[in-house]
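Asks: Structure file final26.cif (mmCIF, C-alpha atoms) is given on the next line.
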data_coords
#
loop_
_atom_site.group_PDB
_atom_site.id
_atom_site.type_symbol
_atom_site.label_atom_id
_atom_site.label_comp_id
_atom_site.auth_asym_id
_atom_site.auth_seq_id
_atom_site.Cartn_x
_atom_site.Cartn_y
_atom_site.Cartn_z
ATOM 1 C CA MET A 203 -146.596 -59.056 186.721
ATOM 2 C CA ALA A 204 -144.658 -60.953 184.054
ATOM 3 C CA ASP A 205 -143.511 -57.691 182.445
ATOM 4 C CA ARG A 206 -142.326 -56.363 185.809
ATOM 5 C CA THR A 207 -140.372 -59.569 186.488
ATOM 6 C CA SER A 208 -138.812 -59.406 183.031
ATOM 7 C CA SER A 209 -137.860 -55.747 183.538
ATOM 8 C CA SER A 210 -136.242 -56.535 186.907
ATOM 9 C CA LYS A 211 -134.287 -59.383 185.316
ATOM 10 C CA ILE A 212 -132.951 -57.061 182.596
ATOM 11 C CA TYR A 213 -131.981 -54.472 185.206
ATOM 12 C CA LEU A 214 -130.104 -57.049 187.307
ATOM 13 C CA ASP A 215 -128.376 -58.378 184.200
ATOM 14 C CA VAL A 216 -127.223 -54.854 183.339
ATOM 15 C CA VAL A 217 -125.851 -54.314 186.855
ATOM 16 C CA GLU A 218 -123.908 -57.587 186.616
ATOM 17 C CA SER A 219 -122.684 -56.721 183.109
ATOM 18 C CA LEU A 220 -121.491 -53.331 184.342
ATOM 19 C CA ARG A 221 -119.608 -54.977 187.183
ATOM 20 C CA SER A 222 -117.970 -57.433 184.777
ATOM 21 C CA MET A 223 -117.104 -54.612 182.388
ATOM 22 C CA ILE A 224 -115.442 -52.592 185.159
ATOM 23 C CA GLU A 225 -113.344 -55.616 186.095
ATOM 24 C CA ALA A 226 -112.482 -56.443 182.482
ATOM 25 C CA ASP A 227 -111.386 -52.855 181.791
ATOM 26 C CA SER A 228 -109.388 -52.759 185.057
ATOM 27 C CA LEU A 229 -111.137 -49.564 186.109
ATOM 28 C CA ILE A 230 -110.318 -48.186 189.550
ATOM 29 C CA PRO A 231 -111.808 -45.463 191.785
ATOM 30 C CA GLY A 232 -111.581 -42.133 189.995
ATOM 31 C CA ASP A 233 -111.810 -43.642 186.499
ATOM 32 C CA LYS A 234 -114.574 -42.547 184.171
ATOM 33 C CA ILE A 235 -117.009 -45.128 182.841
ATOM 34 C CA PRO A 236 -118.547 -44.993 179.340
ATOM 35 C CA SER A 237 -121.609 -42.878 178.621
ATOM 36 C CA GLU A 238 -125.148 -44.259 178.669
ATOM 37 C CA ARG A 239 -125.125 -44.492 174.865
ATOM 38 C CA GLU A 240 -121.807 -46.333 174.805
ATOM 39 C CA LEU A 241 -122.945 -48.701 177.530
ATOM 40 C CA SER A 242 -126.224 -49.338 175.741
ATOM 41 C CA ASP A 243 -124.359 -50.264 172.556
ATOM 42 C CA ARG A 244 -121.690 -52.283 174.317
ATOM 43 C CA LEU A 245 -124.103 -54.239 176.527
ATOM 44 C CA ASN A 246 -126.776 -54.475 173.822
ATOM 45 C CA VAL A 247 -129.587 -53.228 176.067
ATOM 46 C CA GLY A 248 -131.885 -50.210 176.052
ATOM 47 C CA ARG A 249 -130.695 -46.915 177.472
ATOM 48 C CA SER A 250 -133.523 -46.914 180.002
ATOM 49 C CA SER A 251 -132.191 -50.169 181.495
ATOM 50 C CA VAL A 252 -128.672 -48.727 181.600
ATOM 51 C CA ARG A 253 -129.972 -45.566 183.264
ATOM 52 C CA GLU A 254 -131.821 -47.606 185.918
ATOM 53 C CA ALA A 255 -128.738 -49.714 186.670
ATOM 54 C CA LEU A 256 -126.524 -46.625 186.951
ATOM 55 C CA ARG A 257 -129.019 -44.977 189.278
ATOM 56 C CA ALA A 258 -128.935 -48.030 191.560
ATOM 57 C CA LEU A 259 -125.134 -48.086 191.612
ATOM 58 C CA GLU A 260 -125.075 -44.376 192.413
ATOM 59 C CA LEU A 261 -127.518 -44.832 195.296
ATOM 60 C CA LEU A 262 -125.193 -47.521 196.661
ATOM 61 C CA GLY A 263 -122.326 -45.042 196.502
ATOM 62 C CA LEU A 264 -120.356 -47.071 193.967
ATOM 63 C CA ILE A 265 -120.371 -44.431 191.228
ATOM 64 C CA GLU A 266 -120.957 -40.686 191.043
ATOM 65 C CA THR A 267 -122.162 -38.422 188.266
ATOM 66 C CA ARG A 268 -120.432 -35.077 187.812
ATOM 67 C CA ARG A 269 -122.373 -32.539 185.778
ATOM 68 C CA GLY A 270 -120.648 -31.790 182.511
ATOM 69 C CA GLU A 271 -117.959 -34.426 183.109
ATOM 70 C CA GLY A 272 -119.576 -37.860 183.194
ATOM 71 C CA THR A 273 -119.860 -40.791 185.562
ATOM 72 C CA PHE A 274 -116.960 -41.973 187.683
ATOM 73 C CA ILE A 275 -116.183 -44.890 189.994
ATOM 74 C CA ARG A 276 -116.174 -43.738 193.595
ATOM 75 C CA ASP A 277 -113.572 -44.512 196.221
ATOM 76 C CA PHE A 278 -116.080 -46.436 198.307
ATOM 77 C CA GLN A 279 -114.775 -47.149 201.789
ATOM 78 C CA GLU A 280 -116.940 -49.685 203.534
ATOM 79 C CA HIS A 281 -115.464 -49.079 206.990
ATOM 80 C CA LYS A 282 -116.703 -45.466 206.991
ATOM 81 C CA LEU A 283 -120.236 -46.656 206.298
ATOM 82 C CA VAL A 284 -119.863 -49.232 209.055
ATOM 83 C CA GLU A 285 -118.765 -46.585 211.540
ATOM 84 C CA LEU A 286 -121.682 -44.356 210.596
ATOM 85 C CA LEU A 287 -124.274 -47.105 210.973
ATOM 86 C CA GLY A 288 -122.624 -48.332 214.138
ATOM 87 C CA THR A 289 -123.341 -45.064 215.926
ATOM 88 C CA PHE A 290 -127.047 -45.802 215.468
ATOM 89 C CA PHE A 291 -128.010 -49.446 215.969
ATOM 90 C CA LEU A 292 -124.947 -50.727 217.853
ATOM 91 C CA GLN A 293 -126.138 -48.815 220.883
ATOM 92 C CA ASP A 294 -128.540 -51.723 221.417
ATOM 93 C CA LYS A 295 -126.995 -54.178 223.900
ATOM 94 C CA LYS A 296 -128.787 -57.171 222.362
ATOM 95 C CA VAL A 297 -127.459 -56.285 218.902
ATOM 96 C CA GLN A 298 -123.930 -56.123 220.303
ATOM 97 C CA GLU A 299 -124.314 -59.525 221.917
ATOM 98 C CA ASP A 300 -125.764 -61.042 218.735
ATOM 99 C CA LEU A 301 -122.896 -59.665 216.684
ATOM 100 C CA ALA A 302 -120.297 -61.074 219.045
ATOM 101 C CA GLU A 303 -122.010 -64.478 219.034
ATOM 102 C CA THR A 304 -122.335 -64.482 215.248
ATOM 103 C CA LYS A 305 -118.676 -63.613 214.858
ATOM 104 C CA ARG A 306 -117.651 -66.473 217.169
ATOM 105 C CA LEU A 307 -119.814 -68.969 215.270
ATOM 106 C CA ILE A 308 -118.310 -67.880 211.945
ATOM 107 C CA GLU A 309 -114.776 -68.090 213.312
ATOM 108 C CA ILE A 310 -115.434 -71.588 214.650
ATOM 109 C CA ASP A 311 -116.723 -72.660 211.236
ATOM 110 C CA CYS A 312 -113.631 -71.169 209.607
ATOM 111 C CA LEU A 313 -111.419 -73.113 212.035
ATOM 112 C CA ARG A 314 -113.265 -76.343 211.208
ATOM 113 C CA ILE A 315 -112.740 -75.809 207.493
ATOM 114 C CA VAL A 316 -109.073 -74.882 207.944
ATOM 115 C CA ALA A 317 -108.507 -77.973 210.103
ATOM 116 C CA PHE A 318 -109.960 -80.158 207.372
ATOM 117 C CA PHE A 319 -108.831 -78.524 204.132
ATOM 118 C CA ALA A 320 -105.786 -76.270 204.688
ATOM 119 C CA THR A 321 -102.426 -77.735 203.768
ATOM 120 C CA ALA A 322 -99.730 -78.265 206.374
ATOM 121 C CA GLU A 323 -97.593 -75.683 204.581
ATOM 122 C CA GLU A 324 -100.326 -73.043 204.794
ATOM 123 C CA ILE A 325 -100.720 -73.595 208.528
ATOM 124 C CA LYS A 326 -96.946 -73.579 209.043
ATOM 125 C CA GLN A 327 -96.773 -70.202 207.283
ATOM 126 C CA LEU A 328 -99.275 -68.850 209.816
ATOM 127 C CA ILE A 329 -97.128 -70.205 212.635
ATOM 128 C CA VAL A 330 -94.082 -68.400 211.238
ATOM 129 C CA TRP A 331 -96.122 -65.193 210.943
ATOM 130 C CA VAL A 332 -97.386 -65.392 214.551
ATOM 131 C CA LYS A 333 -93.817 -65.828 215.791
ATOM 132 C CA ALA A 334 -92.629 -62.797 213.802
ATOM 133 C CA ASP A 335 -92.376 -59.266 215.224
ATOM 134 C CA GLU A 336 -94.971 -57.841 212.825
ATOM 135 C CA PHE A 337 -97.734 -60.134 214.137
ATOM 136 C CA LEU A 338 -100.948 -58.300 215.094
ATOM 137 C CA ASP A 339 -103.822 -59.852 217.062
ATOM 138 C CA ASP A 340 -106.414 -58.081 214.941
ATOM 139 C CA ASP A 341 -105.139 -59.787 211.793
ATOM 140 C CA PHE A 342 -105.187 -63.354 213.112
ATOM 141 C CA PHE A 343 -108.773 -64.238 212.298
ATOM 142 C CA LEU A 344 -108.658 -62.253 209.092
ATOM 143 C CA ARG A 345 -105.969 -64.680 207.944
ATOM 144 C CA ILE A 346 -107.979 -67.635 209.213
ATOM 145 C CA ALA A 347 -111.027 -66.368 207.307
ATOM 146 C CA ILE A 348 -108.937 -65.961 204.147
ATOM 147 C CA LEU A 349 -107.406 -69.420 204.539
ATOM 148 C CA ASN A 350 -110.806 -71.098 204.871
ATOM 149 C CA ARG A 351 -111.886 -72.276 201.416
ATOM 150 C CA ASN A 352 -115.435 -70.876 201.647
ATOM 151 C CA ARG A 353 -115.265 -67.413 200.065
ATOM 152 C CA LEU A 354 -118.808 -66.492 201.109
ATOM 153 C CA LEU A 355 -117.979 -67.309 204.717
ATOM 154 C CA GLU A 356 -114.915 -65.076 204.463
ATOM 155 C CA ARG A 357 -117.016 -62.215 203.106
ATOM 156 C CA ILE A 358 -119.627 -62.609 205.838
ATOM 157 C CA TRP A 359 -116.881 -62.631 208.475
ATOM 158 C CA ARG A 360 -115.405 -59.394 207.094
ATOM 159 C CA ILE A 361 -118.793 -57.657 207.280
ATOM 160 C CA VAL A 362 -119.684 -58.938 210.752
ATOM 161 C CA ASN A 363 -116.189 -58.139 212.012
ATOM 162 C CA SER A 364 -116.453 -54.582 210.677
ATOM 163 C CA TYR A 365 -119.563 -53.988 212.761
ATOM 164 C CA ALA A 366 -118.409 -55.961 215.799
ATOM 165 C CA ARG A 367 -115.159 -54.001 216.064
ATOM 166 C CA THR A 368 -117.103 -50.857 216.908
ATOM 167 C CA SER A 369 -118.429 -52.458 220.090
ATOM 168 C CA GLU A 370 -116.030 -55.211 221.206
ATOM 169 C CA PRO A 371 -112.555 -54.924 222.731
ATOM 170 C CA VAL A 372 -109.556 -55.905 220.640
ATOM 171 C CA LEU A 373 -107.718 -59.118 221.430
ATOM 172 C CA GLY A 374 -104.661 -57.353 222.747
ATOM 173 C CA ASN A 375 -104.437 -59.459 225.929
ATOM 174 C CA THR A 376 -104.104 -62.772 224.103
ATOM 175 C CA LYS A 377 -100.603 -64.210 224.208
ATOM 176 C CA LYS A 378 -98.772 -65.479 221.153
ATOM 177 C CA GLU A 379 -98.571 -68.865 222.861
ATOM 178 C CA ASP A 380 -102.367 -69.119 222.713
ATOM 179 C CA TYR A 381 -102.436 -68.525 218.965
ATOM 180 C CA LEU A 382 -99.535 -70.924 218.453
ATOM 181 C CA ALA A 383 -101.335 -73.601 220.468
ATOM 182 C CA LEU A 384 -104.420 -73.132 218.305
ATOM 183 C CA LEU A 385 -102.390 -73.407 215.102
ATOM 184 C CA THR A 386 -100.555 -76.473 216.397
ATOM 185 C CA TYR A 387 -103.868 -78.257 216.926
ATOM 186 C CA LEU A 388 -104.959 -77.229 213.427
ATOM 187 C CA LEU A 389 -101.707 -78.628 212.055
ATOM 188 C CA GLU A 390 -102.416 -81.891 213.911
ATOM 189 C CA ARG A 391 -105.988 -81.879 212.518
ATOM 190 C CA ASP A 392 -107.344 -81.897 216.058
ATOM 191 C CA GLU A 393 -110.473 -79.845 215.449
ATOM 192 C CA GLU A 394 -111.896 -80.351 218.948
ATOM 193 C CA LYS A 395 -108.745 -79.137 220.721
ATOM 194 C CA ALA A 396 -108.409 -76.205 218.325
ATOM 195 C CA ILE A 397 -111.941 -75.000 219.064
ATOM 196 C CA GLU A 398 -111.475 -75.546 222.792
ATOM 197 C CA THR A 399 -108.312 -73.423 222.675
ATOM 198 C CA TYR A 400 -110.168 -70.760 220.689
ATOM 199 C CA LEU A 401 -113.027 -70.550 223.182
ATOM 200 C CA ILE A 402 -111.083 -70.771 226.424
ATOM 201 C CA ARG A 403 -107.705 -69.202 225.728
ATOM 202 C CA ILE A 404 -108.584 -66.640 223.040
ATOM 203 C CA ARG A 405 -112.252 -65.735 223.589
ATOM 204 C CA ASN A 406 -112.069 -66.379 227.351
ATOM 205 C CA MET A 407 -115.214 -68.507 227.414
ATOM 206 C CA SER A 408 -116.083 -71.980 228.596
ATOM 207 C CA LYS A 409 -116.272 -74.585 225.855
ATOM 208 C CA ASP A 410 -120.034 -75.009 226.321
ATOM 209 C CA GLU A 411 -120.868 -71.300 226.648
#
Since I need it in another form, could you write the structure as structure tokens?

Replies:
Amino acid sequence: MADRTSSSKIYLDVVESLRSMIEADSLIPGDKIPSERELSDRLNVGRSSVREALRALELLGLIETRRGEGTFIRDFQEHKLVELLGTFFLQDKKVQEDLAETKRLIEIDCLRIVAFFATAEEIKQLIVWVKADEFLDDDFFLRIAILNRNRLLERIWRIVNSYARTSEPVLGNTKKEDYLALLTYLLERDEEKAIETYLIRIRNMSKDE
């Protein structure tokens, strides 16, 4: 058991080292990564560990091996995977409802964090953007998620939103005035009023729903 745990630890370390190496070398989709031998020497690990890590990354669709050419970074597009999976399990009504509820809870948490931590200038920039012609409803909570200081929460929102968008209507009926009211309350640090505006005027729910 100890040997298996040690082997798994080495494998995970290699995956993380490969990720760091790709970032450090500024590699992008389509670029070729070093050979197993080069990676083994560079990362100072056995070739079997490198091979296992590469196999895992290939199964995830992050790299691809071309016979006679080498291994390349793939142009991985998460939204296509989301759409594919959505055709299967998002047919379940309960799953759709859970996704919508989860998304609302995450957005409320993001609003709480923004109300507490975002600077007045950051919120004012959002107000200017909402007033501008290029404003899009779909982008509003993306910007809120980005502005919240919790990066993990932002990432979770992006994933949940990707799935939820396949089953929920877009927010096209929400007026700019509703978003501006929400942002004004955030600017005033009135968390309660901001959430109430979010639930009633943007998500069309009662505050206690």

Asks: Need the shell around Leu384 of chain A: protein/DNA/RNA residues with any atom at most 8 Å away, counting all atoms listed in the file. Skip same-chain ones fewer than 4 positions apart. Format as a PyMOL selection string?

Replies: chain A and resi 380+388+395-397+399-400

Asks: So what does the PyMOL selection byres ((chain A and resi 322-337) around 9) actually pick up in this one, as number ranges by chain?

Replies: A: 316, 320-321, 338-342, 345-346, 349, 378, 381-382, 385-386, 388-390

Asks: Distance atom CA of Leu313 of chain A-atom CA of Leu301 of chain A, one decimal place?

Replies: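 Those two atoms sit 18.3 Å apart.
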
Asks: Here is a test: counting only C-alpha atoms, which residue of A:Ile224, A:Val362, A:Cys312, A:Ala317 is nearest to Asn350 of chain A?

Replies: A:Cys312

Asks: Considering all atoms listed in the file, can you say which of A:Val216, A:Ala366, A:Ile315, A:Leu261 comes closest to Gly248 of chain A?

Replies: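 Between A:Val216, A:Ala366, A:Ile315, A:Leu261, the residue approaching Gly248 of chain A most closely is A:Val216.
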
Asks: By how many Å are atom CA of Leu220 of chain A and atom CA of Gly272 of chain A apart?

Replies: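 Pair atom CA of Leu220 of chain A / atom CA of Gly272 of chain A returns 15.6 Å.
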
Asks: Output, as JSON, the centre and edge lengths in Å (one decimal) of the axis-aligned box that contains all listed atoms of segment 262-269 of chain A with 3 Å of margin on each side.

Replies:
{"center_x": -122.8, "center_y": -40.0, "center_z": 191.2, "size_x": 10.8, "size_y": 21.0, "size_z": 16.9}

Asks: Give the answer as one residue: which of A:Asp227, A:Asp243, A:Glu254, A:Glu238 has the shortest atom-to-atom distance to Leu214 of chain A, using all atoms listed in the file?

Replies: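 Residue with the minimum atom-to-atom distance to Leu214 of chain A: A:Glu254.
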
Asks: Taking into account only C-alpha atoms, which residue in the set A:Arg276, A:Lys305, A:Lys234, A:Arg239 is nearest to Asn363 of chain A?

Replies: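 Closest to Asn363 of chain A, using only C-alpha atoms: A:Lys305.
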
Asks: Work out how far atom CA of Arg269 of chain A is from atom CA of Ser222 of chain A, in Å to one decimal.

Replies: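 A separation of 25.3 Å between them.
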
Asks: Running the PyMOL selection byres ((chain A and resi 304) around 12) on this model by hand, what would come out? Give it as a PyMOL selection string.

Replies: chain A and resi 297-303+305-311+355+358-363+365-366

Asks: Just add N, CA, C and O atoms to segment 376-387 of chain A and send it as a PDB file, in the frame of the given file.

Replies:
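Output below, filename rebuild30.pdb:
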ATOM      1  N   THR A 376    -104.398 -61.384 224.445  1.00  0.00           N
ATOM      2  CA  THR A 376    -104.104 -62.772 224.103  1.00  0.00           C
ATOM      3  C   THR A 376    -102.616 -62.932 223.823  1.00  0.00           C
ATOM      4  O   THR A 376    -102.017 -62.144 223.105  1.00  0.00           O
ATOM      5  N   LYS A 377    -102.030 -63.971 224.384  1.00  0.00           N
ATOM      6  CA  LYS A 377    -100.603 -64.210 224.208  1.00  0.00           C
ATOM      7  C   LYS A 377    -100.340 -64.956 222.903  1.00  0.00           C
ATOM      8  O   LYS A 377    -101.181 -65.710 222.418  1.00  0.00           O
ATOM      9  N   LYS A 378     -99.147 -64.763 222.368  1.00  0.00           N
ATOM     10  CA  LYS A 378     -98.772 -65.479 221.153  1.00  0.00           C
ATOM     11  C   LYS A 378     -98.872 -66.982 221.354  1.00  0.00           C
ATOM     12  O   LYS A 378     -99.224 -67.721 220.432  1.00  0.00           O
ATOM     13  N   GLU A 379     -98.545 -67.435 222.575  1.00  0.00           N
ATOM     14  CA  GLU A 379     -98.571 -68.865 222.861  1.00  0.00           C
ATOM     15  C   GLU A 379     -99.969 -69.455 222.645  1.00  0.00           C
ATOM     16  O   GLU A 379    -100.113 -70.623 222.255  1.00  0.00           O
ATOM     17  N   ASP A 380    -100.997 -68.639 222.902  1.00  0.00           N
ATOM     18  CA  ASP A 380    -102.367 -69.119 222.713  1.00  0.00           C
ATOM     19  C   ASP A 380    -102.661 -69.334 221.230  1.00  0.00           C
ATOM     20  O   ASP A 380    -103.275 -70.342 220.849  1.00  0.00           O
ATOM     21  N   TYR A 381    -102.245 -68.380 220.409  1.00  0.00           N
ATOM     22  CA  TYR A 381    -102.436 -68.525 218.965  1.00  0.00           C
ATOM     23  C   TYR A 381    -101.621 -69.692 218.418  1.00  0.00           C
ATOM     24  O   TYR A 381    -102.090 -70.443 217.559  1.00  0.00           O
ATOM     25  N   LEU A 382    -100.399 -69.834 218.921  1.00  0.00           N
ATOM     26  CA  LEU A 382     -99.535 -70.924 218.453  1.00  0.00           C
ATOM     27  C   LEU A 382    -100.111 -72.283 218.845  1.00  0.00           C
ATOM     28  O   LEU A 382    -100.035 -73.244 218.070  1.00  0.00           O
ATOM     29  N   ALA A 383    -100.699 -72.352 220.044  1.00  0.00           N
ATOM     30  CA  ALA A 383    -101.335 -73.601 220.468  1.00  0.00           C
ATOM     31  C   ALA A 383    -102.500 -73.942 219.543  1.00  0.00           C
ATOM     32  O   ALA A 383    -102.671 -75.096 219.126  1.00  0.00           O
ATOM     33  N   LEU A 384    -103.292 -72.929 219.209  1.00  0.00           N
ATOM     34  CA  LEU A 384    -104.420 -73.132 218.305  1.00  0.00           C
ATOM     35  C   LEU A 384    -103.938 -73.641 216.950  1.00  0.00           C
ATOM     36  O   LEU A 384    -104.483 -74.613 216.397  1.00  0.00           O
ATOM     37  N   LEU A 385    -102.910 -73.012 216.406  1.00  0.00           N
ATOM     38  CA  LEU A 385    -102.390 -73.407 215.102  1.00  0.00           C
ATOM     39  C   LEU A 385    -101.764 -74.800 215.138  1.00  0.00           C
ATOM     40  O   LEU A 385    -101.851 -75.555 214.163  1.00  0.00           O
ATOM     41  N   THR A 386    -101.150 -75.138 216.262  1.00  0.00           N
ATOM     42  CA  THR A 386    -100.555 -76.473 216.397  1.00  0.00           C
ATOM     43  C   THR A 386    -101.635 -77.552 216.332  1.00  0.00           C
ATOM     44  O   THR A 386    -101.469 -78.576 215.661  1.00  0.00           O
ATOM     45  N   TYR A 387    -102.758 -77.303 216.986  1.00  0.00           N
ATOM     46  CA  TYR A 387    -103.868 -78.257 216.926  1.00  0.00           C
ATOM     47  C   TYR A 387    -104.447 -78.339 215.509  1.00  0.00           C
ATOM     48  O   TYR A 387    -104.840 -79.415 215.050  1.00  0.00           O
TER      49      TYR A 387
END
